[in-house]
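Have a look at run-v5.txt; it's compact mmCIF, C-alpha atoms and all ligand atoms:
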# COMPACT_ATOMS: atom_id res chain seq x y z
CA MET I 22 110.80 -13.15 155.26
CA PRO I 23 108.66 -13.24 152.12
CA GLN I 24 105.23 -14.80 152.60
CA ARG I 25 104.73 -18.27 151.16
CA PRO I 26 101.91 -18.37 148.59
CA ALA I 27 98.46 -18.85 150.13
CA PHE I 28 96.46 -22.04 149.65
CA ALA I 29 93.73 -21.99 147.02
CA PRO I 30 90.60 -20.13 148.22
CA TRP I 31 88.24 -23.15 147.87
CA LEU I 32 89.94 -24.74 150.92
CA ASP I 33 88.22 -22.11 153.10
CA ASP I 34 84.91 -23.45 151.83
CA THR I 35 85.25 -26.92 153.40
CA ASN I 36 83.59 -27.69 156.74
CA ASP I 37 84.74 -29.16 160.08
CA VAL I 38 81.65 -31.35 160.33
CA THR I 39 82.93 -33.67 157.61
CA ALA I 40 86.34 -34.01 159.21
CA THR I 41 84.73 -34.73 162.60
CA PHE I 42 82.47 -37.51 161.46
CA LEU I 43 85.12 -39.11 159.26
CA ALA I 44 87.58 -39.15 162.19
CA ALA I 45 84.94 -40.47 164.60
CA GLY I 46 85.30 -44.02 163.27
CA GLN I 47 88.58 -44.28 165.19
CA ILE I 48 87.14 -43.55 168.69
CA PRO I 49 87.19 -46.76 170.84
CA GLY I 50 83.73 -47.98 171.93
CA LEU I 51 81.95 -45.64 169.56
CA ILE I 52 79.16 -47.10 167.43
CA ASN I 53 79.70 -45.65 163.98
CA LEU I 54 76.44 -45.16 162.11
CA GLY I 55 77.95 -42.21 160.24
CA GLY I 56 79.96 -43.80 157.44
CA GLY I 57 78.95 -45.64 154.29
CA LEU I 58 81.06 -48.71 154.77
CA PRO I 59 80.53 -52.37 153.94
CA ASP I 60 81.10 -54.91 156.73
CA PRO I 61 84.59 -56.42 156.25
CA CYS I 62 83.06 -59.84 157.07
CA VAL I 63 81.62 -59.99 153.52
CA TRP I 64 85.00 -59.89 151.78
CA PRO I 65 86.05 -63.24 150.28
CA VAL I 66 89.61 -62.99 151.60
CA ALA I 67 90.96 -66.40 150.55
CA GLU I 68 89.51 -66.18 147.04
CA MET I 69 90.84 -62.65 146.58
CA ALA I 70 94.32 -63.74 147.73
CA GLU I 71 94.20 -66.53 145.17
CA LEU I 72 93.11 -64.10 142.43
CA ALA I 73 95.94 -61.70 143.36
CA SER I 74 98.55 -64.43 143.24
CA ARG I 75 97.33 -65.76 139.91
CA ALA I 76 97.06 -62.26 138.47
CA VAL I 77 100.74 -61.54 139.12
CA THR I 78 101.96 -64.99 138.10
CA ASP I 79 99.91 -65.29 134.90
CA HIS I 80 99.80 -61.63 133.82
CA ALA I 81 103.05 -60.07 135.06
CA ALA I 82 103.44 -57.75 132.08
CA GLU I 83 99.96 -56.35 132.65
CA THR I 84 99.81 -56.24 136.45
CA LEU I 85 103.32 -54.91 137.14
CA ALA I 86 103.53 -52.44 134.24
CA TYR I 87 101.57 -49.30 133.45
CA THR I 88 98.32 -50.25 131.74
CA PRO I 89 96.70 -48.26 128.91
CA VAL I 90 95.13 -45.07 130.34
CA THR I 91 91.66 -46.32 129.48
CA GLY I 92 92.14 -49.64 131.30
CA ILE I 93 93.06 -53.21 130.38
CA PRO I 94 91.13 -54.25 127.28
CA ASP I 95 89.78 -57.46 128.88
CA LEU I 96 88.13 -55.54 131.71
CA ARG I 97 86.72 -52.88 129.36
CA ASP I 98 85.24 -55.62 127.18
CA LEU I 99 83.83 -57.43 130.21
CA ILE I 100 82.12 -54.27 131.51
CA ALA I 101 80.78 -53.48 128.02
CA ALA I 102 79.27 -56.98 127.78
CA ARG I 103 77.95 -56.97 131.37
CA PHE I 104 76.03 -53.71 130.95
CA SER I 105 74.80 -54.14 127.35
CA GLU I 106 71.07 -54.95 127.36
CA GLY I 107 68.08 -54.27 125.12
CA ASP I 108 68.88 -51.26 122.93
CA LEU I 109 72.07 -50.50 124.86
CA HIS I 110 74.95 -51.74 122.71
CA LEU I 111 78.28 -51.06 124.37
CA THR I 112 81.78 -51.56 123.03
CA ARG I 113 85.16 -51.06 124.63
CA ASP I 114 85.08 -47.46 123.34
CA ASN I 115 82.21 -46.76 125.76
CA VAL I 116 84.20 -47.80 128.84
CA LEU I 117 86.89 -46.12 130.94
CA ILE I 118 88.32 -47.94 133.95
CA VAL I 119 88.87 -45.56 136.87
CA ALA I 120 90.15 -45.61 140.45
CA GLY I 121 86.70 -45.99 142.02
CA GLY I 122 83.55 -44.08 141.25
CA SER I 123 85.16 -41.12 143.03
CA GLN I 124 87.64 -40.68 140.21
CA GLY I 125 84.86 -40.88 137.62
CA LEU I 126 83.11 -37.99 139.38
CA ALA I 127 86.30 -35.94 139.67
CA LEU I 128 87.27 -36.44 136.01
CA THR I 129 83.78 -35.50 134.84
CA GLY I 130 84.10 -32.25 136.79
CA ASN I 131 87.51 -31.69 135.18
CA VAL I 132 86.26 -32.07 131.62
CA LEU I 133 82.89 -30.33 131.90
CA LEU I 134 82.95 -27.78 134.68
CA GLU I 135 84.07 -24.21 134.21
CA TYR I 136 84.98 -22.19 137.30
CA GLY I 137 81.68 -21.05 138.84
CA GLY I 138 79.77 -23.34 136.44
CA ARG I 139 76.31 -24.70 137.08
CA ILE I 140 75.45 -28.23 138.27
CA THR I 141 71.90 -29.51 138.52
CA SER I 142 72.00 -32.06 141.32
CA GLN I 143 69.64 -34.47 142.97
CA SER I 144 69.21 -33.02 146.44
CA PRO I 145 70.40 -33.79 149.06
CA ALA I 146 73.59 -34.97 147.35
CA TYR I 147 76.52 -37.32 147.96
CA LEU I 148 79.12 -35.51 150.02
CA GLY I 149 82.06 -36.94 148.05
CA ALA I 150 80.66 -35.54 144.79
CA LEU I 151 80.18 -32.11 146.34
CA ASP I 152 83.74 -32.24 147.69
CA THR I 153 85.31 -33.28 144.41
CA TRP I 154 83.73 -30.42 142.47
CA ARG I 155 84.43 -27.82 145.18
CA PRO I 156 87.66 -26.47 143.61
CA GLN I 157 85.58 -25.23 140.65
CA GLN I 158 83.22 -23.44 143.09
CA PRO I 159 80.07 -24.46 141.19
CA GLU I 160 76.60 -23.03 141.62
CA TYR I 161 73.96 -25.69 142.36
CA ARG I 162 70.39 -26.11 141.22
CA HIS I 163 68.59 -28.60 143.45
CA MET I 164 66.50 -31.41 141.94
CA ARG I 165 64.07 -32.76 144.52
CA LEU I 166 62.96 -35.80 142.59
CA GLU I 167 60.18 -36.73 145.03
CA ARG I 168 58.29 -33.46 144.43
CA ASN I 169 55.16 -33.27 142.28
CA ASP I 170 56.00 -29.84 140.84
CA LEU I 171 59.28 -31.04 139.32
CA ASP I 172 60.20 -29.15 136.11
CA LEU I 173 63.27 -31.06 134.96
CA PRO I 174 63.92 -29.24 131.66
CA ALA I 175 63.89 -25.89 133.49
CA LEU I 176 66.28 -27.25 136.11
CA MET I 177 68.68 -28.78 133.59
CA LYS I 178 68.74 -25.98 131.03
CA ASP I 179 72.19 -24.32 130.85
CA ALA I 180 73.70 -26.66 133.44
CA GLN I 181 77.12 -28.08 132.65
CA PHE I 182 75.79 -31.44 133.80
CA ALA I 183 73.12 -33.02 135.96
CA TYR I 184 73.99 -35.42 138.80
CA THR I 185 71.79 -38.26 140.06
CA VAL I 186 72.05 -41.43 142.18
CA PRO I 187 68.85 -43.21 141.05
CA ASN I 188 69.38 -46.37 143.15
CA PHE I 189 69.21 -45.83 146.93
CA SER I 190 70.78 -42.42 146.93
CA ASN I 191 73.48 -41.43 149.33
CA PRO I 192 72.34 -39.91 151.70
CA THR I 193 68.57 -40.55 151.52
CA GLY I 194 68.39 -44.23 150.46
CA ARG I 195 65.61 -43.25 148.04
CA LEU I 196 64.89 -45.14 144.84
CA VAL I 197 63.98 -42.95 141.86
CA PRO I 198 60.80 -44.44 140.31
CA THR I 199 60.73 -45.55 136.67
CA ASP I 200 58.52 -42.68 135.44
CA ILE I 201 60.96 -40.11 136.85
CA ARG I 202 63.85 -42.04 135.26
CA HIS I 203 62.15 -41.62 131.89
CA ARG I 204 61.61 -37.93 132.59
CA LEU I 205 65.27 -37.42 133.55
CA VAL I 206 66.44 -38.95 130.28
CA GLU I 207 63.90 -36.94 128.24
CA ALA I 208 64.96 -33.71 129.94
CA ALA I 209 68.65 -34.46 129.30
CA GLU I 210 67.90 -35.08 125.63
CA GLN I 211 65.65 -32.02 125.31
CA THR I 212 68.14 -29.66 126.95
CA GLY I 213 71.36 -31.23 125.62
CA THR I 214 72.67 -31.76 129.15
CA TRP I 215 75.02 -34.55 130.17
CA LEU I 216 73.37 -36.66 132.85
CA ILE I 217 75.50 -38.49 135.44
CA GLU I 218 74.01 -41.74 136.72
CA ASP I 219 76.15 -42.55 139.76
CA ASP I 220 75.31 -46.13 140.70
CA PRO I 221 77.35 -47.67 143.54
CA TYR I 222 74.24 -49.21 145.15
CA GLY I 223 72.61 -50.64 142.01
CA THR I 224 73.23 -54.26 143.02
CA LEU I 225 71.92 -53.79 146.57
CA TYR I 226 68.14 -54.23 145.98
CA TYR I 227 66.53 -55.90 149.04
CA ASP I 228 62.82 -55.91 148.23
CA GLY I 229 62.24 -56.16 144.51
CA PRO I 230 63.67 -56.42 141.02
CA PRO I 231 66.00 -53.65 139.79
CA LEU I 232 64.52 -50.69 137.94
CA PRO I 233 65.91 -49.82 134.49
CA ARG I 234 69.13 -47.85 134.36
CA LEU I 235 69.02 -44.33 132.93
CA ILE I 236 71.72 -45.28 130.42
CA THR I 237 69.58 -48.18 129.16
CA LEU I 238 66.50 -45.94 128.90
CA SER I 239 68.50 -43.42 126.89
CA ALA I 240 69.86 -45.93 124.35
CA LYS I 241 68.46 -45.88 120.83
CA GLY I 242 70.04 -49.08 119.50
CA GLU I 243 73.15 -47.36 118.11
CA THR I 244 76.57 -49.10 118.31
CA PRO I 245 78.49 -47.86 120.17
CA TYR I 246 76.12 -46.08 122.57
CA ASN I 247 76.16 -42.35 121.96
CA GLY I 248 73.55 -40.90 124.34
CA PRO I 249 73.73 -38.26 127.09
CA VAL I 250 74.11 -40.50 130.16
CA ILE I 251 77.46 -40.86 131.93
CA TYR I 252 77.08 -44.03 133.98
CA MET I 253 79.43 -44.72 136.92
CA GLY I 254 79.87 -48.11 138.55
CA THR I 255 82.22 -49.45 141.21
CA VAL I 256 83.21 -52.66 142.99
CA SER I 257 83.33 -50.79 146.32
CA LYS I 258 79.92 -51.80 147.66
CA GLU I 259 79.48 -55.24 146.12
CA LEU I 260 83.05 -56.59 146.24
CA ALA I 261 85.72 -54.55 148.08
CA PRO I 262 86.46 -50.81 148.19
CA GLY I 263 90.19 -51.43 148.66
CA LEU I 264 90.50 -52.52 145.05
CA ARG I 265 89.74 -48.91 144.03
CA ILE I 266 88.17 -50.02 140.76
CA GLY I 267 85.29 -48.33 139.06
CA TRP I 268 84.12 -47.73 135.50
CA VAL I 269 82.57 -44.93 133.51
CA ILE I 270 80.27 -45.91 130.65
CA ALA I 271 79.46 -43.10 128.22
CA ALA I 272 79.54 -41.92 124.61
CA PRO I 273 82.98 -42.45 123.00
CA ASN I 274 83.73 -38.70 122.80
CA MET I 275 83.11 -38.39 126.56
CA ILE I 276 85.31 -41.44 127.27
CA LYS I 277 88.08 -39.85 125.18
CA ALA I 278 87.85 -36.57 127.08
CA LEU I 279 87.83 -38.35 130.45
CA ALA I 280 90.84 -40.46 129.41
CA THR I 281 92.77 -37.27 128.59
CA ALA I 282 91.96 -35.96 132.08
CA LYS I 283 92.86 -39.31 133.65
CA GLN I 284 96.23 -39.37 131.92
CA SER I 285 97.27 -36.23 133.75
CA ALA I 286 95.69 -37.39 137.03
CA ASP I 287 97.34 -40.81 137.46
CA MET I 288 98.40 -42.30 134.08
CA CYS I 289 96.41 -45.48 134.76
CA THR I 290 94.56 -47.48 137.39
CA SER I 291 96.45 -50.34 139.09
CA GLY I 292 96.79 -53.22 136.63
CA LEU I 293 96.81 -55.73 139.48
CA CYS I 294 93.47 -54.50 140.79
CA GLN I 295 92.01 -54.36 137.30
CA ARG I 296 93.02 -57.98 136.61
CA MET I 297 91.65 -59.11 140.00
CA THR I 298 88.37 -57.34 139.26
CA HIS I 299 88.20 -58.89 135.81
CA ASP I 300 88.74 -62.36 137.26
CA ALA I 301 86.30 -61.78 140.15
CA PHE I 302 83.60 -61.15 137.54
CA ALA I 303 84.80 -63.71 134.97
CA THR I 304 84.99 -66.56 137.51
CA GLY I 305 81.57 -65.67 138.93
CA LEU I 306 83.00 -64.84 142.39
CA ALA I 307 81.31 -61.42 142.53
CA ASP I 308 77.93 -62.83 141.50
CA ARG I 309 78.21 -65.78 143.91
CA MET I 310 78.84 -63.58 146.94
CA LEU I 311 76.09 -61.05 146.19
CA PRO I 312 73.06 -63.00 147.51
CA GLY I 313 74.82 -63.42 150.89
CA VAL I 314 75.65 -59.71 151.04
CA ILE I 315 72.05 -58.78 150.20
CA GLU I 316 70.68 -61.15 152.84
CA LEU I 317 73.03 -59.78 155.52
CA TYR I 318 72.27 -56.14 154.77
CA ARG I 319 68.51 -56.72 154.50
CA THR I 320 68.53 -58.24 158.00
CA ARG I 321 70.50 -55.27 159.30
CA ARG I 322 68.20 -52.75 157.65
CA ASP I 323 65.24 -54.45 159.33
CA ALA I 324 67.03 -54.49 162.70
CA LEU I 325 67.82 -50.79 162.42
CA LEU I 326 64.25 -49.89 161.47
CA ALA I 327 62.90 -51.95 164.38
CA ALA I 328 65.24 -50.13 166.79
CA MET I 329 64.22 -46.77 165.31
CA ASP I 330 60.53 -47.67 165.79
CA THR I 331 61.24 -48.46 169.44
CA HIS I 332 63.47 -45.50 170.33
CA LEU I 333 63.05 -42.68 167.82
CA SER I 334 59.47 -42.62 166.59
CA ASP I 335 58.49 -39.56 168.65
CA LEU I 336 61.63 -37.67 167.59
CA PHE I 337 62.16 -38.37 163.87
CA ASP I 338 60.31 -39.36 160.69
CA TRP I 339 61.85 -41.63 158.06
CA GLU I 340 61.09 -43.81 155.04
CA LYS I 341 62.00 -47.49 154.75
CA PRO I 342 64.72 -47.81 152.07
CA SER I 343 64.32 -50.79 149.73
CA GLY I 344 68.08 -51.14 149.20
CA GLY I 345 71.47 -49.51 149.67
CA MET I 346 73.12 -48.63 152.95
CA PHE I 347 71.25 -45.73 154.56
CA VAL I 348 68.14 -44.52 156.36
CA TRP I 349 67.50 -40.77 156.20
CA ALA I 350 65.63 -39.41 159.22
CA THR I 351 64.19 -35.93 159.64
CA ALA I 352 63.62 -34.40 163.07
CA ARG I 353 60.00 -33.69 164.00
CA ASP I 354 61.22 -30.60 165.81
CA ALA I 355 62.21 -28.20 163.01
CA SER I 356 64.57 -26.37 165.35
CA LEU I 357 66.76 -29.42 166.07
CA ASP I 358 70.29 -28.72 164.80
CA THR I 359 71.79 -32.01 163.67
CA ASN I 360 75.31 -30.53 163.49
CA ALA I 361 74.99 -30.08 167.27
CA LEU I 362 73.35 -33.52 167.58
CA MET I 363 76.38 -35.10 165.93
CA GLU I 364 78.61 -33.62 168.68
CA VAL I 365 76.24 -34.62 171.50
CA GLY I 366 75.94 -38.07 169.90
CA LEU I 367 79.72 -38.48 170.02
CA ASP I 368 79.59 -37.72 173.78
CA HIS I 369 77.00 -40.53 174.05
CA GLY I 370 79.14 -42.98 172.03
CA VAL I 371 77.35 -42.89 168.67
CA CYS I 372 78.18 -41.19 165.38
CA ILE I 373 75.67 -40.10 162.72
CA SER I 374 76.09 -37.86 159.66
CA PRO I 375 74.27 -34.52 159.79
CA SER I 376 72.37 -33.27 156.74
CA SER I 377 74.40 -30.07 156.36
CA VAL I 378 77.26 -31.96 154.67
CA PHE I 379 74.94 -33.20 151.91
CA ASP I 380 73.72 -29.72 151.09
CA PRO I 381 76.07 -27.71 148.83
CA GLU I 382 75.11 -24.56 150.72
CA GLY I 383 75.33 -26.31 154.13
CA ARG I 384 71.91 -24.98 155.14
CA ASP I 385 69.94 -28.16 155.87
CA HIS I 386 70.31 -28.83 159.61
CA ARG I 387 67.25 -30.96 160.29
CA SER I 388 68.04 -34.49 159.05
CA ILE I 389 70.55 -37.26 159.68
CA ARG I 390 71.92 -40.17 157.66
CA ILE I 391 72.15 -43.50 159.47
CA ASN I 392 74.17 -46.41 158.04
CA PHE I 393 73.01 -49.98 158.66
CA THR I 394 75.60 -52.13 156.83
CA LEU I 395 78.68 -51.87 159.03
CA ASN I 396 77.32 -53.04 162.40
CA PRO I 397 75.52 -56.23 163.52
CA PRO I 398 71.92 -55.93 164.81
CA ASP I 399 72.80 -55.69 168.55
CA LYS I 400 75.16 -52.79 167.90
CA LEU I 401 72.61 -51.07 165.66
CA THR I 402 70.03 -51.31 168.43
CA GLU I 403 72.45 -49.97 171.05
CA GLY I 404 73.54 -47.18 168.69
CA ILE I 405 69.94 -46.06 168.16
CA ALA I 406 69.24 -46.17 171.91
CA ARG I 407 72.27 -43.90 172.42
CA LEU I 408 71.10 -41.60 169.64
CA ALA I 409 67.66 -41.29 171.26
CA LYS I 410 69.32 -40.39 174.58
CA ALA I 411 71.53 -37.82 172.88
CA THR I 412 68.54 -36.24 171.09
CA ARG I 413 66.56 -36.01 174.34
CA ALA I 414 69.60 -34.54 176.11
CA MET I 415 69.45 -31.61 173.65
CA GLY I 416 65.97 -31.02 174.99
C1 LIG I 501 76.88 -42.03 145.72
C2 LIG I 501 78.31 -42.46 145.71
N1 LIG I 501 79.03 -42.26 144.61
C3 LIG I 501 80.31 -42.63 144.52
C4 LIG I 501 80.95 -43.22 145.60
C5 LIG I 501 82.41 -43.53 145.44
O1 LIG I 501 82.75 -44.81 145.68
P1 LIG I 501 84.15 -45.42 145.25
O2 LIG I 501 85.09 -44.32 144.90
O3 LIG I 501 84.61 -46.19 146.43
O4 LIG I 501 83.85 -46.27 144.06
C6 LIG I 501 80.24 -43.43 146.79
C7 LIG I 501 80.90 -44.00 147.97
O5 LIG I 501 80.42 -44.03 149.06
C8 LIG I 501 78.87 -43.05 146.85
O6 LIG I 501 78.11 -43.22 147.94
Structure rendered as structure tokens:
Amino acid sequence: MPQRPAFAPWLDDTNDVTATFLAAGQIPGLINLGGGLPDPCVWPVAEMAELASRAVTDHAAETLAYTPVTGIPDLRDLIAARFSEGDLHLTRDNVLIVAGGSQGLALTGNVLLEYGGRITSQSPAYLGALDTWRPQQPEYRHMRLERNDLDLPALMKDAQFAYTVPNFSNPTGRLVPTDIRHRLVEAAEQTGTWLIEDDPYGTLYYDGPPLPRLITLSAKGETPYNGPVIYMGTVSKELAPGLRIGWVIAAPNMIKALATAKQSADMCTSGLCQRMTHDAFATGLADRMLPGVIELYRTRRDALLAAMDTHLSDLFDWEKPSGGMFVWATARDASLDTNALMEVGLDHGVCISPSSVFDPEGRDHRSIRINFTLNPPDKLTEGIARLAKATRAMG
């Protein structure tokens, strides 16, 4: 029998840890602190059903047909208007509608990344981004934005692009301060590097007013915007991830390139979901629900931190995040292996994400990511008590 062709070599480069913690959500009785999920209780089910029905009835030709590759014009215009501010003048030509931020990341890899190319990435980095670029087997330069000795031009020089999550990064929950935002934009301009601003958590500020977006800082008043930032937004965290709607905002030549890549990926994003998203913004539904979501998640963050103070303070160090969905905790004992802790945690009925999956080289074994948005306070407290037991059991 002739051998069937082998699978592509990059598949050998994936890890079991990711598969384990993604599957763990299904175990009965388990408290899942490992994902990055919104609580389904925040979804406005009746209003969304109404929007869906009206979308099909009033816009059948748009919602049941293929849409233009770039997205329905009304939604592109709405996003352009929603994000234009100060010197940032956006038109439809700056906007591509995509199937969630994930697709924006994948398409950017497709149009910029050569095989073995170089990415300068905020570190640690979002697992989904690392996964989507894996087939091109990139080499990573790590940007540790909290360090004092940060030389951004040196890090960005000769990279095919730089990747950042300035608002409440996944996994660390950190907020990049305004002075570093300015420095990121300056370094991108100085080195001629495209700069991805991945912003799923930009509406989830719990303690203060939002900091300026990189794309706004990089705008020079030109119409349409033509700077180096590739901004990615999504409805997943503020409205509903099941819509699978996101947007890329960038210079028109980048939007054109991404649209060419999107055409071969999926022709277009669901017209029904695009129309529902348009109407959720246009009717004010998304903006009306946001204060309730923020209030709920702020309470949960505080409950999680209180439980961590009670149960984990001799075992881990962490910073209080001022938004987003995650607390990043680093073991006091440098020899603690959080890949092993994830397994022991599962035996104790709790799931966390180990730091190795957020490191392109898989070397960081000392930290964990804990989610606080999915579970109510009593479950968060019980989950942290279980995690403390599991950590002590590793002794
Ligand atoms: C940093 C970051 N970027 C992008 C995404 C992708 O989100 P979606 O594809 O649901 O829009 C996520 C989802 O968790 C994320 O945390």
Near-ligand residues for ligand LIG 501 (chain I), threshold 9 Å, all atoms listed in the file, as a PyMOL selection string: chain I and resi 56-58+119-126+146-150+185-186+189-192+219-222+253-258+261-268+346
Neighbouring residues of I:Glu160 were defined as those with any atom within 8 Å, considering only C-alpha atoms; residues of the same chain fewer than 6 positions away were excluded. Please report them as an MDAnalysis selection string. chainID I and resid 137:140
Could you list, as a list in words, every residue within 10 Å of stretch 330-332 of chain I, counting all atoms listed in the file and ignoring same-chain residues fewer than 3 positions away? Ala324, Leu325, Leu326, Ala327, Asp335, Leu336, Phe337, Asp338, Trp339, Thr402, Ile405, Ala406, Arg407, Leu408, Ala409 and Lys410 of chain I
For the point (82.8, -51.0, 132.0) in the file's frame, write as a compact mmCIF listing (two decimals) with C-alpha atoms, in the frame of the given file all residues with an atom no more than 6 Å away, counting only C-alpha atoms.
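Listing of selection.txt after writing:
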# COMPACT_ATOMS: atom_id res chain seq x y z
CA ARG I 97 86.72 -52.88 129.36
CA ILE I 100 82.12 -54.27 131.51
CA ALA I 101 80.78 -53.48 128.02
CA VAL I 116 84.20 -47.80 128.84
CA TRP I 268 84.12 -47.73 135.50
CA ILE I 270 80.27 -45.91 130.65
As a check of understanding: the span from atom CA of I:Gly404 to atom CA of I:Ala361 is 17.2 Å
Give me, as a ChimeraX atom specification, all polymer residues having an atom no more than 10 Å from I:Asp368, counting all atoms listed in the file and skipping those fewer than 6 positions away in the same chain. /I:51,362,407,411
Could you write out the selected residues, including C-alpha atoms, as a PDB file, in the coordinates of the input?
ATOM      1  CA  LEU I  51      81.950 -45.640 169.560  1.00  0.00           C
ATOM      2  CA  LEU I 362      73.350 -33.520 167.580  1.00  0.00           C
ATOM      3  CA  ARG I 407      72.270 -43.900 172.420  1.00  0.00           C
ATOM      4  CA  ALA I 411      71.530 -37.820 172.880  1.00  0.00           C
TER       5      ALA I 411
END
Excluding same-chain residues fewer than 6 positions from I:Glu106, what lies within 10 Å of it counting only C-alpha atoms, as a list in words?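 My reading of the contact set: Thr237, Ala240 and Gly242 of chain I.
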Do a neighbour search on stretch 375-389 of chain I at 10 Å with all atoms listed in the file, toss out local chain neighbours closer than 5 positions, and write the hits as a tab-separated table (two decimals) with C-alpha atoms, keeping the file's coordinate frame.
chain	number	residue	atom	x	y	z
I	34	ASP	CA	84.91	-23.45	151.83
I	35	THR	CA	85.25	-26.92	153.40
I	36	ASN	CA	83.59	-27.69	156.74
I	37	ASP	CA	84.74	-29.16	160.08
I	38	VAL	CA	81.65	-31.35	160.33
I	39	THR	CA	82.93	-33.67	157.61
I	42	PHE	CA	82.47	-37.51	161.46
I	55	GLY	CA	77.95	-42.21	160.24
I	142	SER	CA	72.00	-32.06	141.32
I	144	SER	CA	69.21	-33.02	146.44
I	145	PRO	CA	70.40	-33.79	149.06
I	146	ALA	CA	73.59	-34.97	147.35
I	147	TYR	CA	76.52	-37.32	147.96
I	148	LEU	CA	79.12	-35.51	150.02
I	149	GLY	CA	82.06	-36.94	148.05
I	150	ALA	CA	80.66	-35.54	144.79
I	151	LEU	CA	80.18	-32.11	146.34
I	152	ASP	CA	83.74	-32.24	147.69
I	155	ARG	CA	84.43	-27.82	145.18
I	159	PRO	CA	80.07	-24.46	141.19
I	160	GLU	CA	76.60	-23.03	141.62
I	161	TYR	CA	73.96	-25.69	142.36
I	162	ARG	CA	70.39	-26.11	141.22
I	163	HIS	CA	68.59	-28.60	143.45
I	191	ASN	CA	73.48	-41.43	149.33
I	192	PRO	CA	72.34	-39.91	151.70
I	193	THR	CA	68.57	-40.55	151.52
I	337	PHE	CA	62.16	-38.37	163.87
I	338	ASP	CA	60.31	-39.36	160.69
I	339	TRP	CA	61.85	-41.63	158.06
I	347	PHE	CA	71.25	-45.73	154.56
I	348	VAL	CA	68.14	-44.52	156.36
I	349	TRP	CA	67.50	-40.77	156.20
I	350	ALA	CA	65.63	-39.41	159.22
I	351	THR	CA	64.19	-35.93	159.64
I	352	ALA	CA	63.62	-34.40	163.07
I	353	ARG	CA	60.00	-33.69	164.00
I	354	ASP	CA	61.22	-30.60	165.81
I	355	ALA	CA	62.21	-28.20	163.01
I	356	SER	CA	64.57	-26.37	165.35
I	357	LEU	CA	66.76	-29.42	166.07
I	358	ASP	CA	70.29	-28.72	164.80
I	359	THR	CA	71.79	-32.01	163.67
I	360	ASN	CA	75.31	-30.53	163.49
I	361	ALA	CA	74.99	-30.08	167.27
I	362	LEU	CA	73.35	-33.52	167.58
I	363	MET	CA	76.38	-35.10	165.93
I	364	GLU	CA	78.61	-33.62	168.68
